[in-house]
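**Student:** To start, I am sharing the structure in question, which I have written as structure tokens.
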Amino acid sequence: MGRFLLRRLGFLLVTMLFTSLLIFLITQALPGDVARILLGREASQHALQQLRVQLGLDRPLPLQYLHWLGDFVKGDWGTSFSTGQSVRALVLQRLGNSLQLAGVTLVIAVPTAVALGVIAALYEESWIDTLISLASLSVVGLPEFITGLVLIQVFSFSLGWLPANSSIAPGASFFQALPYLVLPALTATLVLLAYVARLTRASMLVELRRPYVRTAILKGVRWRRVVVAHVLRNALLPTITIVAISFGWLISGLIVVENVFNYPGLGRLLTFAIARRDIPLLQAVALVAVLGFALANLVADILYAAFNPRITLR
Amino acid sequence: MSGGVPLLAFESVSVAYRRGRRWSRAVRGFDLRIGAGVTYGLVGESGSGKSTLALALLQVLPPNGRVVDGRILFRGEDLSGWSRDRLRNEFYRQVAMVPQDPLPSLNPAHRIGRQIEEVLDPRGMPTGPASEVRRRALGMLEAVGMADPERVARAYPHQLSGGMQQRVLIAMALAGEPALLVLDEPTTNLDVTTEATILDLVRGLVADRDTAVLYVSHSLGVVAELCDRVAVLYAGELVEDAPTADLYRQPRHPYTQGLFDSVPRLGTTRRAVALRPIPGRIPLPQDLPPGCVFEPRCPIAVDACSRARPELEPAGEGWARCIRWRDIVDGSADPHQPAPPARTPAGGGDVPVALDVSGLRKRFPLRRSLLEVLRGAPQRAVRAVEDVSLTVRQGRTLGLVGESGSGKSTTARAILGLDPPSAGTVTLAGQVVAATLAGRSPEAIRRLQMVFQSADEALNPYRTVGAALRRPFRRLAGLSREEAEVRVARLLEDVQLTPAYAARRPAELSGGEKQRVAVARAFAAEPEVLVFDESVSGLDVSVQAAILNLVGDLQEERGTGYLFISHDLAVVSFLADYVTVVYLGHVMEAGPAGRVLSPPYHPYTEALLSAIPLLDPGAERSHIRLEGEVPSPVDVPSGCPFHTRCPRFLGEVCVSEEPPWRQTEEGHGVYCHIPLDELRATQAPAFRFAAAEGPAGGRGDDVADAAPAGAGDQGDGDG
């Protein structure tokens with residue numbers, strides 16, 4: 001286990017180095033001159049040149065990259081072009097919000113999806129199974145901005161239960177923020193639900209047909225216990241992997257959902273940075289997103305091994 | 001047995017499976033009664049419906065199967081319509097099952113201890129280390145012969161060997177003290193030595209507890225060892241049912257007779273007695289003949305047989321579903337399949353050597369961690385083959401036998417160059433060939449071919465039979481496409497298929513047909529030596545018999561030398577002229593088949609032979625059982641590698657010194673510290689060789705008589 005972690009963290013480091021280079025090159029290739037963006041169209045050649053020297057933009061690219069990376073590792077993520085705030089403070093604060101949203105989404109999505117998958121599998125090819133398949137598939141087919149708007153219409157405007165705008169104030173506690181999290185989390189849940197439910201259904205069906213289920217029945221174990229302690233215990237393995245990986249997506253990939261609900265997460269920060277050509281902010285958000293994905297994958301592997309005695313991590 | 005109501009009764013039970021929208025009956029009108037404490041054998045080949053019946057009895061048919069007709073009664077009560085709860089409370093407490101595949105039948109995510117405790121406490125309450133339930137679970141593990149129950153209880157299923165997994169399932173099945181135990185081919189995938197210990201175990205445990213047993217098997221030998229009565233199933237119908245001794249003495253159905261004649265027996269060789277395979281194949285449930293199901297393959301069928309399905313008639317102390325069973329008993333009908341054409345016995349004298357392998361060694365090095373390398377830890381390796389030498393002569397067969405893990409398949413792959421040997425030489429027709437396949441000339445490759453264990457996996461499912469067979473002609477013989485096609489057609493006829501098979505793909509072939517194609521493919525290159533690696537192991541006996549005859553005939557015609565690898569000593573003794581016995585990569589005994597298979601034996605050979613189930617219910621024989629498992633090939637025991645399990649272990653000398661190779665003038669060698677005379681003095685023959693018959697191959701009766709005759713002599717032996 002120790003060796004496995006060490007090796008995988010090594011891989012992670014290499015991945016991060018490689019993607020940081022990629023992110024740096026892509027942001028370099030973006031059209032537009034940083035100095036011109038900062039100073040505006042009216043700026044004089046002299047002022048532009050001075051700023052470029054000040055920002056180090058006149059140095060050769062490899063040097064610029066190493067400088068940027070070095071600063072990033074030291075914790076100096078730069079200053080946002082557009083707001084003048086510290087990029088690190090901004091990103092970390094938004095990351096906290098995103099983690100909250102991702103957590104609430106998983107808490108809603110995973111039990112629901114697993115329950116639906118288990119029920120569909122136990123009543124394979126019955127009307128319940130068909131209903132669950134149809135419902136979850138039709139929901140997943142709808143884009144998030146539609147499902148999000150429908151939810152807003154129903155729960156905010158018609159019923160008035162939940163706020164339509166989720167722009168929580170910085171520094172709000174989790175319980176203060178919770179009412180604002182429900183609708184975006186539900187919207188994200190609808191995206192995940194069909195996928196996780198169908199995966200659970202499929203692996204339940206595979207496990208239900210395995211001979212150890214027959215062994216358990218013949219032992220005189222109650223059916224409910226056969227399903228939970230024997231079948232589900234094994235059927236959840238692929239689901240665990242997928243859920244862990246989707247956590248990475250929930251942290252930084254909820255661009256549409258966050259925009260629909262005006263939720264201050266990483267996804268919206270990313271669109272903001274792109275719109276403003278805020279390159280230091282863009283780079284930081286991208287790197288944090290990649291790190292999130294990589295860590296989610298690592299956690300997925302560790303969880304899979306933890307729940308599967310046939311796998312030993314070496 | 002209490003007043004007339006049997007423990008279990010099948011009353012004209014039919015079971016159907018749904019495929020698409022159609023239901024087809026896999027079992028039709030099955031009747032059977034099992035009284036308390038009786039061991040009943042249910043025998044049939046694949047497709048006979050025997051496992052279906054076991055599942056139907058236990059009410060665990062797959063979702064697409066159901067009992068469509070008849071009743072299954074437990075203690076006189078019809079089980080159909082019982083709720084899940086009622087089955088659990090009243091039925092599953094009294095029945096248990098040991099399945100064919102132990103590993104998938106155990107939950108991979110639960111420890112063994114927990115899985116056994118669940119039988120005793122199905123609610124799965126947490127148990128403390130000192131609890132009654134835990135104590136009883138450990139007691140069960142001990143009862144099935146586990147040396148270290150605590151360790152086994154803590155293990156996960158995949159950490160145990162196949163034999164240990166099967167013991168765990170037996171422990172589980174018996175933990176609830178069932179009145180009826182269903183065993184569904186529990187030893188089919190195990191070594192003979194393991195099979196023998198498991199059968200002993202079942203026999204002992206069942207006798208202690210007065211448990212009734214339904215033993216489902218394809219093997220007549222295993223059933224003969226264990227059962228009081230036997231029911232024979234063919235294509236979903238009960239064809240014969242009789243007390244075991246009666247059935248083996250006088251089969252009353254031609255199918256039963258056909259099964260007996262298909263099985264090679266210890267002591268019959270193909271030079272003396274030909275197997276009589278059953279022609280044709282078992283009909284599918286959706287494609288049954290109008291009359292008797294066996295009529296299309298029956299040697300004594302008359303017109304009436306194809307008109308109506310025969311009823312099950314009382315015959316002797318049993319039942320038979322054949323309108324001519326009386327003719328069979330009084331001798332006016334001969335239920336044996338026609339004997340294949342006679343063969344000339346192999347002449348004696350020196351035949352030229354085709355393949356010589358000397359000092360073969362194959363080690364797979366284990367990876368060391370960086371720390372171990374820095375610490376200077378020695379390089380360890382899996383010593384799959386340590387020192388194997390063998391000689392295959394032209395037109396002769398060398399049988400290579402041993403348990404799994406003995407290095408048989410690695411030896412084959414090393415000789416072929418698929419996994420190049422670590423040491424040793426391979427000499428083919430007088431020339432040393434390169435170790436690797438890539439280093440060998442096309443000519444050397446052509447001369448040495450192989451038939452793999454699983455024809456299914458060796459044939460590309462997307463290529464036609466013709467394409468697969470053309471390739472060696474084109475590549476190794478350099479023929480044009482047209483020439484190759486002519487040769488393919490001829491080759492298909494040689495393996496008793498028609499040229500039309502060239503257009504088929506593997507999925508359209510039966511198991512036996514696939515193995516014929518695999519044999520044809522190997523022969524296409526016209527090799528001088530052919531290696532068979534467990535090539536008939538997975539086949540039904542009637543199919544296996546046909547392949548063994550075919551392989552024997554092809555050798556007579558072409559003079560090809562065979563290296564025939566098998567764990568099945570009866571098959572090897574039938575086919576082989578010479579036998580080499582290997583254990584942990586070392587040759588234990590080698591020589592002419594007749595010498596190796598009669599005393600003096602190497603103690604390992606003796607144990608292997610003693611473990612084989614004989615086709616004779618009454619046989620008295622020595623019960624030598626090997627303790628424990630084959631040791632890990634990473635830590636091969638010092639001195640004699642067999643000393644950790646040897647029933648004739650001498651002491652220090654076996655541990656510290658490598659045994660000498662003791663050889664007689666006849667070329668029979670034994671790798672043992674015990675002198676040959678001493679071995680001979682204490683060993684009885686495991687069986688007697690059937691007397692060589694005339695060139696006509698003899699009448700069938702001689703075949704049936706051979707084993708009991710041999711068995712009668714076993715008590716006194718000739719030592």
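Lettering and numbering for the structure tokens are positional, with chains as A, B, ... in the shown order, residues counted from 1 in each chain, and ligands counted from 1 in the shown order.
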Give me, as number ranges by chain, all polymer residues having an atom no more than 10 Å from Ala435 (chain B), counting only C-alpha atoms and skipping those fewer than 5 positions away in the same chain.

**Tutor:** B: 414-426, 440

**Student:** With N, CA and C atoms retained, export the selected residues as a PDB file, in the first residue's frame.

**Tutor:**
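This is the output file again_0.pdb:
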ATOM      1  N   ALA B 414       7.833 -25.181 -23.345  1.00  0.00           N
ATOM      2  CA  ALA B 414       9.279 -24.996 -23.494  1.00  0.00           C
ATOM      3  C   ALA B 414       9.800 -25.785 -24.694  1.00  0.00           C
ATOM      4  N   ILE B 415       9.294 -27.012 -24.867  1.00  0.00           N
ATOM      5  CA  ILE B 415       9.737 -27.822 -26.011  1.00  0.00           C
ATOM      6  C   ILE B 415       9.334 -27.136 -27.314  1.00  0.00           C
ATOM      7  N   LEU B 416       8.115 -26.620 -27.349  1.00  0.00           N
ATOM      8  CA  LEU B 416       7.619 -25.954 -28.553  1.00  0.00           C
ATOM      9  C   LEU B 416       8.354 -24.647 -28.821  1.00  0.00           C
ATOM     10  N   GLY B 417       9.014 -24.099 -27.791  1.00  0.00           N
ATOM     11  CA  GLY B 417       9.684 -22.812 -27.953  1.00  0.00           C
ATOM     12  C   GLY B 417       8.777 -21.633 -27.674  1.00  0.00           C
ATOM     13  N   LEU B 418       7.553 -21.908 -27.187  1.00  0.00           N
ATOM     14  CA  LEU B 418       6.623 -20.815 -26.886  1.00  0.00           C
ATOM     15  C   LEU B 418       7.107 -20.039 -25.667  1.00  0.00           C
ATOM     16  N   ASP B 419       7.583 -20.761 -24.645  1.00  0.00           N
ATOM     17  CA  ASP B 419       8.293 -20.160 -23.520  1.00  0.00           C
ATOM     18  C   ASP B 419       9.670 -20.796 -23.524  1.00  0.00           C
ATOM     19  N   PRO B 420      10.678 -20.127 -24.099  1.00  0.00           N
ATOM     20  CA  PRO B 420      11.971 -20.790 -24.291  1.00  0.00           C
ATOM     21  C   PRO B 420      12.528 -21.304 -22.963  1.00  0.00           C
ATOM     22  N   PRO B 421      13.092 -22.535 -22.969  1.00  0.00           N
ATOM     23  CA  PRO B 421      13.617 -23.112 -21.729  1.00  0.00           C
ATOM     24  C   PRO B 421      14.797 -22.323 -21.184  1.00  0.00           C
ATOM     25  N   SER B 422      14.999 -22.383 -19.859  1.00  0.00           N
ATOM     26  CA  SER B 422      16.137 -21.727 -19.240  1.00  0.00           C
ATOM     27  C   SER B 422      17.402 -22.559 -19.438  1.00  0.00           C
ATOM     28  N   ALA B 423      17.262 -23.868 -19.576  1.00  0.00           N
ATOM     29  CA  ALA B 423      18.411 -24.741 -19.827  1.00  0.00           C
ATOM     30  C   ALA B 423      17.904 -26.006 -20.483  1.00  0.00           C
ATOM     31  N   GLY B 424      18.853 -26.783 -21.049  1.00  0.00           N
ATOM     32  CA  GLY B 424      18.470 -28.047 -21.660  1.00  0.00           C
ATOM     33  C   GLY B 424      18.398 -27.943 -23.171  1.00  0.00           C
ATOM     34  N   THR B 425      18.382 -29.094 -23.825  1.00  0.00           N
ATOM     35  CA  THR B 425      18.363 -29.099 -25.282  1.00  0.00           C
ATOM     36  C   THR B 425      17.151 -29.863 -25.794  1.00  0.00           C
ATOM     37  N   VAL B 426      16.676 -29.426 -26.949  1.00  0.00           N
ATOM     38  CA  VAL B 426      15.595 -30.100 -27.649  1.00  0.00           C
ATOM     39  C   VAL B 426      16.161 -30.570 -28.978  1.00  0.00           C
ATOM     40  N   ARG B 440      13.754 -20.726 -34.773  1.00  0.00           N
ATOM     41  CA  ARG B 440      13.631 -22.004 -35.463  1.00  0.00           C
ATOM     42  C   ARG B 440      13.268 -21.807 -36.926  1.00  0.00           C
TER      43      ARG B 440
END

**Student:** Which residues come within 10 Å of region 205-208 of chain A, counting only C-alpha atoms, excluding same-chain residues fewer than 5 positions away, as a list in words?

**Tutor:**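 Surrounding residues, per the criterion: Gly117, Val118, Ala120, Ala121, Leu122, Glu124, Leu199, Thr200, Val213, Arg214, Val226, Val227, His230, Val231, Leu232, Arg233, Asn234, Ala235 and Leu236 of chain A.
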
**Student:** Would you output that residue set with N, CA and C atoms, as a PDB file, in the first residue's frame?

**Tutor:**
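Result file follows (result-v5.pdb):
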ATOM      1  N   GLY A 117     -31.136   1.620  -9.270  1.00  0.00           N
ATOM      2  CA  GLY A 117     -30.459   0.540  -9.994  1.00  0.00           C
ATOM      3  C   GLY A 117     -30.780  -0.812  -9.383  1.00  0.00           C
ATOM      4  N   VAL A 118     -30.765  -0.880  -8.045  1.00  0.00           N
ATOM      5  CA  VAL A 118     -31.040  -2.151  -7.374  1.00  0.00           C
ATOM      6  C   VAL A 118     -32.476  -2.590  -7.642  1.00  0.00           C
ATOM      7  N   ALA A 120     -34.424  -1.715 -10.146  1.00  0.00           N
ATOM      8  CA  ALA A 120     -34.572  -2.091 -11.557  1.00  0.00           C
ATOM      9  C   ALA A 120     -34.027  -3.501 -11.795  1.00  0.00           C
ATOM     10  N   ALA A 121     -32.891  -3.826 -11.150  1.00  0.00           N
ATOM     11  CA  ALA A 121     -32.284  -5.136 -11.372  1.00  0.00           C
ATOM     12  C   ALA A 121     -33.117  -6.244 -10.735  1.00  0.00           C
ATOM     13  N   LEU A 122     -33.627  -5.984  -9.526  1.00  0.00           N
ATOM     14  CA  LEU A 122     -34.408  -7.020  -8.843  1.00  0.00           C
ATOM     15  C   LEU A 122     -35.705  -7.307  -9.579  1.00  0.00           C
ATOM     16  N   GLU A 124     -36.128  -7.067 -12.890  1.00  0.00           N
ATOM     17  CA  GLU A 124     -35.660  -6.993 -14.265  1.00  0.00           C
ATOM     18  C   GLU A 124     -36.803  -7.265 -15.242  1.00  0.00           C
ATOM     19  N   LEU A 199     -25.499   1.801 -14.405  1.00  0.00           N
ATOM     20  CA  LEU A 199     -24.302   1.026 -14.077  1.00  0.00           C
ATOM     21  C   LEU A 199     -24.581   0.071 -12.918  1.00  0.00           C
ATOM     22  N   THR A 200     -25.260   0.574 -11.907  1.00  0.00           N
ATOM     23  CA  THR A 200     -25.585  -0.271 -10.754  1.00  0.00           C
ATOM     24  C   THR A 200     -26.494  -1.408 -11.181  1.00  0.00           C
ATOM     25  N   VAL A 213     -24.643 -16.429  -5.045  1.00  0.00           N
ATOM     26  CA  VAL A 213     -25.974 -16.002  -4.635  1.00  0.00           C
ATOM     27  C   VAL A 213     -26.806 -17.238  -4.304  1.00  0.00           C
ATOM     28  N   ARG A 214     -26.679 -18.263  -5.166  1.00  0.00           N
ATOM     29  CA  ARG A 214     -27.381 -19.519  -4.915  1.00  0.00           C
ATOM     30  C   ARG A 214     -26.901 -20.128  -3.596  1.00  0.00           C
ATOM     31  N   VAL A 226     -29.442 -11.396   1.420  1.00  0.00           N
ATOM     32  CA  VAL A 226     -28.709 -11.876   0.241  1.00  0.00           C
ATOM     33  C   VAL A 226     -28.424 -10.689  -0.676  1.00  0.00           C
ATOM     34  N   VAL A 227     -29.466  -9.872  -0.883  1.00  0.00           N
ATOM     35  CA  VAL A 227     -29.309  -8.746  -1.800  1.00  0.00           C
ATOM     36  C   VAL A 227     -28.292  -7.740  -1.267  1.00  0.00           C
ATOM     37  N   HIS A 230     -24.632  -9.688   0.167  1.00  0.00           N
ATOM     38  CA  HIS A 230     -23.895 -10.484  -0.801  1.00  0.00           C
ATOM     39  C   HIS A 230     -23.826  -9.799  -2.165  1.00  0.00           C
ATOM     40  N   VAL A 231     -25.007  -9.550  -2.750  1.00  0.00           N
ATOM     41  CA  VAL A 231     -25.027  -9.070  -4.131  1.00  0.00           C
ATOM     42  C   VAL A 231     -24.547  -7.618  -4.222  1.00  0.00           C
ATOM     43  N   LEU A 232     -25.202  -6.747  -3.430  1.00  0.00           N
ATOM     44  CA  LEU A 232     -24.879  -5.329  -3.537  1.00  0.00           C
ATOM     45  C   LEU A 232     -23.427  -5.069  -3.138  1.00  0.00           C
ATOM     46  N   ARG A 233     -22.970  -5.804  -2.138  1.00  0.00           N
ATOM     47  CA  ARG A 233     -21.593  -5.657  -1.668  1.00  0.00           C
ATOM     48  C   ARG A 233     -20.608  -5.787  -2.840  1.00  0.00           C
ATOM     49  N   ASN A 234     -20.885  -6.715  -3.754  1.00  0.00           N
ATOM     50  CA  ASN A 234     -19.994  -6.904  -4.895  1.00  0.00           C
ATOM     51  C   ASN A 234     -20.377  -6.023  -6.078  1.00  0.00           C
ATOM     52  N   ALA A 235     -21.694  -5.768  -6.226  1.00  0.00           N
ATOM     53  CA  ALA A 235     -22.145  -4.998  -7.385  1.00  0.00           C
ATOM     54  C   ALA A 235     -21.722  -3.544  -7.286  1.00  0.00           C
ATOM     55  N   LEU A 236     -21.469  -3.068  -6.069  1.00  0.00           N
ATOM     56  CA  LEU A 236     -21.138  -1.649  -5.908  1.00  0.00           C
ATOM     57  C   LEU A 236     -19.716  -1.307  -6.343  1.00  0.00           C
TER      58      LEU A 236
END

**Student:** Could you give me the residues within region 44-158 of chain A that DSSP places in helix (DSSP H, G or I), as a PyMOL selection string?

**Tutor:** chain A and resi 45-55+61-74+87-122+127-141+144-158

**Student:** Should the cut-off be 8 Å, what would the residue list for chain B against chain A look like, counting only C-alpha atoms, as number ranges by chain?

**Tutor:** B: 58, 60, 62, 84-85, 88-89, 92-93, 95-97, 104-109, 118-119, 122-123, 156, 158, 173

**Student:** Next, the residues of the selection above should be written as an mmCIF file, in the first residue's frame with C-alpha atoms.

**Tutor:**
data_model
loop_
_atom_site.group_PDB
_atom_site.id
_atom_site.type_symbol
_atom_site.label_atom_id
_atom_site.label_comp_id
_atom_site.auth_asym_id
_atom_site.auth_seq_id
_atom_site.Cartn_x
_atom_site.Cartn_y
_atom_site.Cartn_z
ATOM 1 C CA LEU B 58 -33.423 -27.016 -4.813
ATOM 2 C CA VAL B 60 -33.037 -22.360 -7.649
ATOM 3 C CA PRO B 62 -32.322 -19.610 -13.358
ATOM 4 C CA ARG B 84 -39.318 -17.905 -0.155
ATOM 5 C CA ASP B 85 -39.790 -17.801 3.633
ATOM 6 C CA ARG B 88 -35.972 -21.014 3.989
ATOM 7 C CA ASN B 89 -37.519 -22.183 7.216
ATOM 8 C CA TYR B 92 -33.141 -25.166 3.187
ATOM 9 C CA ARG B 93 -32.472 -26.171 6.803
ATOM 10 C CA VAL B 95 -30.915 -29.760 2.299
ATOM 11 C CA ALA B 96 -27.537 -28.500 1.142
ATOM 12 C CA MET B 97 -25.552 -28.440 -2.049
ATOM 13 C CA PRO B 104 -17.573 -18.611 -8.020
ATOM 14 C CA SER B 105 -19.819 -20.275 -5.458
ATOM 15 C CA LEU B 106 -18.120 -18.416 -2.628
ATOM 16 C CA ASN B 107 -18.672 -14.713 -2.057
ATOM 17 C CA PRO B 108 -15.377 -13.101 -3.113
ATOM 18 C CA ALA B 109 -15.759 -10.237 -0.638
ATOM 19 C CA GLU B 118 -23.784 -17.691 8.067
ATOM 20 C CA VAL B 119 -25.056 -21.263 7.727
ATOM 21 C CA PRO B 122 -28.302 -16.935 8.711
ATOM 22 C CA ARG B 123 -29.143 -13.560 10.217
ATOM 23 C CA TYR B 156 -10.682 -14.855 1.380
ATOM 24 C CA HIS B 158 -9.295 -16.560 -3.836
ATOM 25 C CA ALA B 173 -23.043 -27.825 3.254
#

**Student:** Using only C-alpha atoms, which residues sit within 6 Å of region 585-601 of chain B once same-chain residues fewer than 6 positions away are excluded, as an MDAnalysis selection string?

**Tutor:** chainID B and resid 384:388 406:407 577:579 667:671 679:680 685

**Student:** Filtering to C-alpha atoms, could you give me those residues as a compact mmCIF listing (two decimals), in the first residue's frame?

**Tutor:**
# COMPACT_ATOMS: atom_id res chain seq x y z
CA ALA B 384 8.18 -24.70 -13.01
CA VAL B 385 10.44 -27.30 -14.60
CA GLU B 386 13.71 -28.28 -12.93
CA ASP B 387 15.07 -31.29 -14.73
CA VAL B 388 13.00 -33.12 -17.32
CA SER B 406 3.81 -30.47 -11.71
CA GLY B 407 5.16 -28.63 -14.75
CA ASP B 577 3.58 -46.84 -25.07
CA TYR B 578 5.89 -45.05 -22.65
CA VAL B 579 5.01 -43.04 -19.56
CA GLY B 667 14.53 -48.87 -19.49
CA HIS B 668 12.28 -48.43 -16.45
CA GLY B 669 13.62 -45.79 -14.08
CA VAL B 670 12.52 -44.68 -10.60
CA TYR B 671 13.79 -41.57 -8.78
CA LEU B 679 9.30 -51.26 -3.38
CA ARG B 680 8.24 -54.34 -5.29
CA PRO B 685 -0.66 -53.75 -8.42

**Student:** Would you mind listing what lies within 9 Å of region 151-162 of chain A as an NGL selection string, with only C-alpha atoms counted and same-chain residues fewer than 6 positions away left out?

**Tutor:** :A and (179-180 or 182-183 or 186-187 or 261)
